[in-house]
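**Student:** Let me give you the structure first, and then I'll get to my questions.
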Amino acid sequence: MTVYVDEAIHPWRGRLWAHLFSTDLDELHAFAGRLGLSRSWFQSPPKASWPHYDVVEGRRFQALRLGAVAADRCTTLEVAWTLQGALTPERIGRLAARRAALALPAAPPARVEETGKQMALPGF
(Lines give C-alpha, C1' and ligand atoms only; values in the text may rest on other atoms or scores of the structure.)
Protein backbone atom coordinates (compact mmCIF):
# COMPACT_ATOMS: atom_id res chain seq x y z
CA MET A 1 0.00 0.00 0.00
CA THR A 2 0.96 3.62 -0.41
CA VAL A 3 0.79 6.58 1.93
CA TYR A 4 0.12 9.84 0.12
CA VAL A 5 0.52 13.50 1.02
CA ASP A 6 -1.09 16.25 -1.02
CA GLU A 7 0.06 19.83 -1.53
CA ALA A 8 0.19 22.11 1.52
CA ILE A 9 -2.37 24.61 0.22
CA HIS A 10 -4.98 24.66 2.97
CA PRO A 11 -4.55 27.78 5.14
CA TRP A 12 -5.49 27.52 8.82
CA ARG A 13 -4.19 29.43 11.82
CA GLY A 14 -1.57 31.22 9.75
CA ARG A 15 0.00 28.05 8.33
CA LEU A 16 -0.40 25.91 5.23
CA TRP A 17 -1.61 22.36 5.77
CA ALA A 18 -1.64 19.17 3.71
CA HIS A 19 -3.45 15.84 4.06
CA LEU A 20 -1.64 12.58 4.84
CA PHE A 21 -3.76 9.63 3.72
CA SER A 22 -3.88 6.06 2.42
CA THR A 23 -6.41 3.44 1.44
CA ASP A 24 -4.80 1.23 4.11
CA LEU A 25 -5.62 2.84 7.46
CA ASP A 26 -3.31 0.53 9.43
CA GLU A 27 -0.40 1.55 7.21
CA LEU A 28 -1.45 5.21 7.52
CA HIS A 29 -1.40 5.05 11.33
CA ALA A 30 1.98 3.29 11.34
CA PHE A 31 3.42 5.89 8.97
CA ALA A 32 1.95 8.74 11.02
CA GLY A 33 3.62 7.26 14.10
CA ARG A 34 7.00 7.22 12.33
CA LEU A 35 6.35 10.84 11.37
CA GLY A 36 5.75 11.71 15.03
CA LEU A 37 2.03 12.38 14.71
CA SER A 38 -0.26 11.60 17.61
CA ARG A 39 -3.00 9.04 16.90
CA SER A 40 -5.44 11.53 18.43
CA TRP A 41 -4.80 13.85 15.46
CA PHE A 42 -6.37 11.36 13.05
CA GLN A 43 -9.54 12.72 11.47
CA SER A 44 -12.34 10.51 10.22
CA PRO A 45 -16.11 10.48 9.73
CA PRO A 46 -18.36 11.75 11.12
CA LYS A 47 -16.16 14.71 12.11
CA ALA A 48 -14.25 14.71 8.80
CA SER A 49 -15.48 13.78 5.35
CA TRP A 50 -12.71 11.18 4.84
CA PRO A 51 -9.95 9.56 6.94
CA HIS A 52 -6.67 11.53 7.04
CA TYR A 53 -4.16 13.39 9.14
CA ASP A 54 -3.56 17.11 8.66
CA VAL A 55 0.14 18.00 8.50
CA VAL A 56 1.92 21.34 8.27
CA GLU A 57 4.19 22.05 5.33
CA GLY A 58 7.37 21.06 7.19
CA ARG A 59 5.90 17.68 8.15
CA ARG A 60 4.79 17.24 4.54
CA PHE A 61 8.43 17.44 3.43
CA GLN A 62 9.44 15.06 6.20
CA ALA A 63 6.70 12.63 5.07
CA LEU A 64 8.04 12.74 1.52
CA ARG A 65 11.56 11.99 2.81
CA LEU A 66 10.15 9.00 4.73
CA GLY A 67 8.57 7.60 1.56
CA ALA A 68 5.12 9.15 1.22
CA VAL A 69 4.09 9.77 -2.37
CA ALA A 70 3.18 13.30 -3.47
CA ALA A 71 -0.47 13.23 -4.50
CA ASP A 72 -1.97 15.43 -7.17
CA ARG A 73 -5.58 16.58 -6.86
CA CYS A 74 -6.90 13.66 -8.92
CA THR A 75 -5.19 11.09 -6.69
CA THR A 76 -6.43 12.86 -3.56
CA LEU A 77 -10.01 12.83 -4.84
CA GLU A 78 -9.78 9.23 -6.02
CA VAL A 79 -8.52 7.96 -2.67
CA ALA A 80 -10.99 10.11 -0.69
CA TRP A 81 -13.92 8.89 -2.78
CA THR A 82 -12.70 5.29 -2.49
CA LEU A 83 -12.53 5.61 1.29
CA GLN A 84 -16.05 7.04 1.30
CA GLY A 85 -17.38 4.28 -0.95
CA ALA A 86 -18.30 7.04 -3.42
CA LEU A 87 -15.98 6.38 -6.38
CA THR A 88 -18.64 6.08 -9.09
CA PRO A 89 -18.07 5.24 -12.76
CA GLU A 90 -18.93 8.87 -13.58
CA ARG A 91 -16.26 10.15 -11.20
CA ILE A 92 -13.73 7.66 -12.54
CA GLY A 93 -14.42 9.01 -16.03
CA ARG A 94 -14.03 12.63 -14.92
CA LEU A 95 -10.76 11.84 -13.16
CA ALA A 96 -9.46 9.98 -16.22
CA ALA A 97 -10.38 12.91 -18.48
CA ARG A 98 -8.66 15.38 -16.15
CA ARG A 99 -5.54 13.21 -15.91
CA ALA A 100 -5.43 12.91 -19.69
CA ALA A 101 -5.85 16.68 -20.11
CA LEU A 102 -3.04 17.33 -17.61
CA ALA A 103 -0.92 14.36 -18.78
CA LEU A 104 -1.04 12.83 -15.29
CA PRO A 105 -0.46 9.10 -14.70
CA ALA A 106 -3.37 6.88 -13.71
CA ALA A 107 -3.33 5.98 -10.00
CA PRO A 108 -6.12 3.59 -9.02
CA PRO A 109 -6.39 3.13 -5.24
CA ALA A 110 -6.90 -0.23 -3.58
CA ARG A 111 -10.36 -1.38 -2.49
CA VAL A 112 -11.37 -0.33 1.01
CA GLU A 113 -14.43 -0.51 3.22
CA GLU A 114 -17.15 2.10 2.82
CA THR A 115 -17.11 4.89 5.38
CA GLY A 116 -20.26 6.77 4.44
CA LYS A 117 -19.96 10.53 4.03
CA GLN A 118 -19.01 11.88 0.60
CA MET A 119 -16.36 14.47 -0.08
CA ALA A 120 -17.69 17.28 -2.24
CA LEU A 121 -15.07 19.48 -3.88
CA PRO A 122 -15.60 22.19 -6.51
CA GLY A 123 -15.16 21.09 -10.09
CA PHE A 124 -15.84 17.43 -9.42
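We label chains A, B, ... in the order they appear in the C-alpha coordinates, count residues from 1 in each chain, and number ligands from 1 in the order shown.
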Within 8 Å of range 5-25 of chain A, which residues of range 54-78 of chain A show up? Give each one with its shortest atom-to-atom distance in Å (one decimal) and the two atoms involved, counting only C-alpha atoms, rows by chain then rising residue number, as a tab-separated table.
**Tutor:**
```
residue	atom	partner	partner_atom	distance
A:Asp54	CA	A:His19	CA	4.8
A:Val55	CA	A:Ala18	CA	5.2
A:Val56	CA	A:Trp17	CA	4.4
A:Glu57	CA	A:Ala8	CA	5.5
A:Arg60	CA	A:Val5	CA	6.7
A:Ala63	CA	A:Val5	CA	7.4
A:Leu64	CA	A:Val5	CA	7.6
A:Ala68	CA	A:Val5	CA	6.3
A:Val69	CA	A:Val5	CA	6.2
A:Ala70	CA	A:Val5	CA	5.2
A:Ala71	CA	A:Asp6	CA	4.6
A:Asp72	CA	A:Asp6	CA	6.3
A:Arg73	CA	A:Asp6	CA	7.4
A:Thr76	CA	A:Asp6	CA	6.8
```
**Student:** Counting only C-alpha atoms, what is within 8 Å of Ala80 in chain A, bar same-chain residues fewer than 2 positions away, as a PyMOL selection string?
**Tutor:** chain A and resi 50-51+76-78+82-84+119
**Student:** Select from chain A everything DSSP, run on the backbone, classes as strand (DSSP E or B), then give the selection as a PyMOL selection string.
**Tutor:** chain A and resi 3-5+10-12+15-22+43+52-56+69-70
**Student:** Apply DSSP to the structure's backbone, then extract all residues of range 22-69 of chain A labelled alpha helix (DSSP H) and return them as a list of chain:residue names.
**Tutor:**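 Answer for range 22-69 of chain A restricted to alpha helix (DSSP H) is A:Leu25, A:Asp26, A:Glu27, A:Leu28, A:His29, A:Ala30, A:Phe31, A:Ala32, A:Gly33, A:Arg34, A:Glu57, A:Gly58, A:Arg59, A:Arg60, A:Phe61, A:Gln62, A:Ala63, A:Leu64, A:Arg65.
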**Student:** Which residues come within 12 Å of Ser40 in chain A, counting only C-alpha atoms, excluding same-chain residues fewer than 5 positions away, as a ChimeraX atom specification?
**Tutor:** /A:29,32-33,52-54
**Student:** Give the answer as one residue: which of A:Ser44, A:Cys74, A:Arg39, A:Leu66 has the shortest atom-to-atom distance to Ala103 in chain A, using only C-alpha atoms?
**Tutor:**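 For Ala103 in chain A, the nearest of the candidates is A:Cys74.
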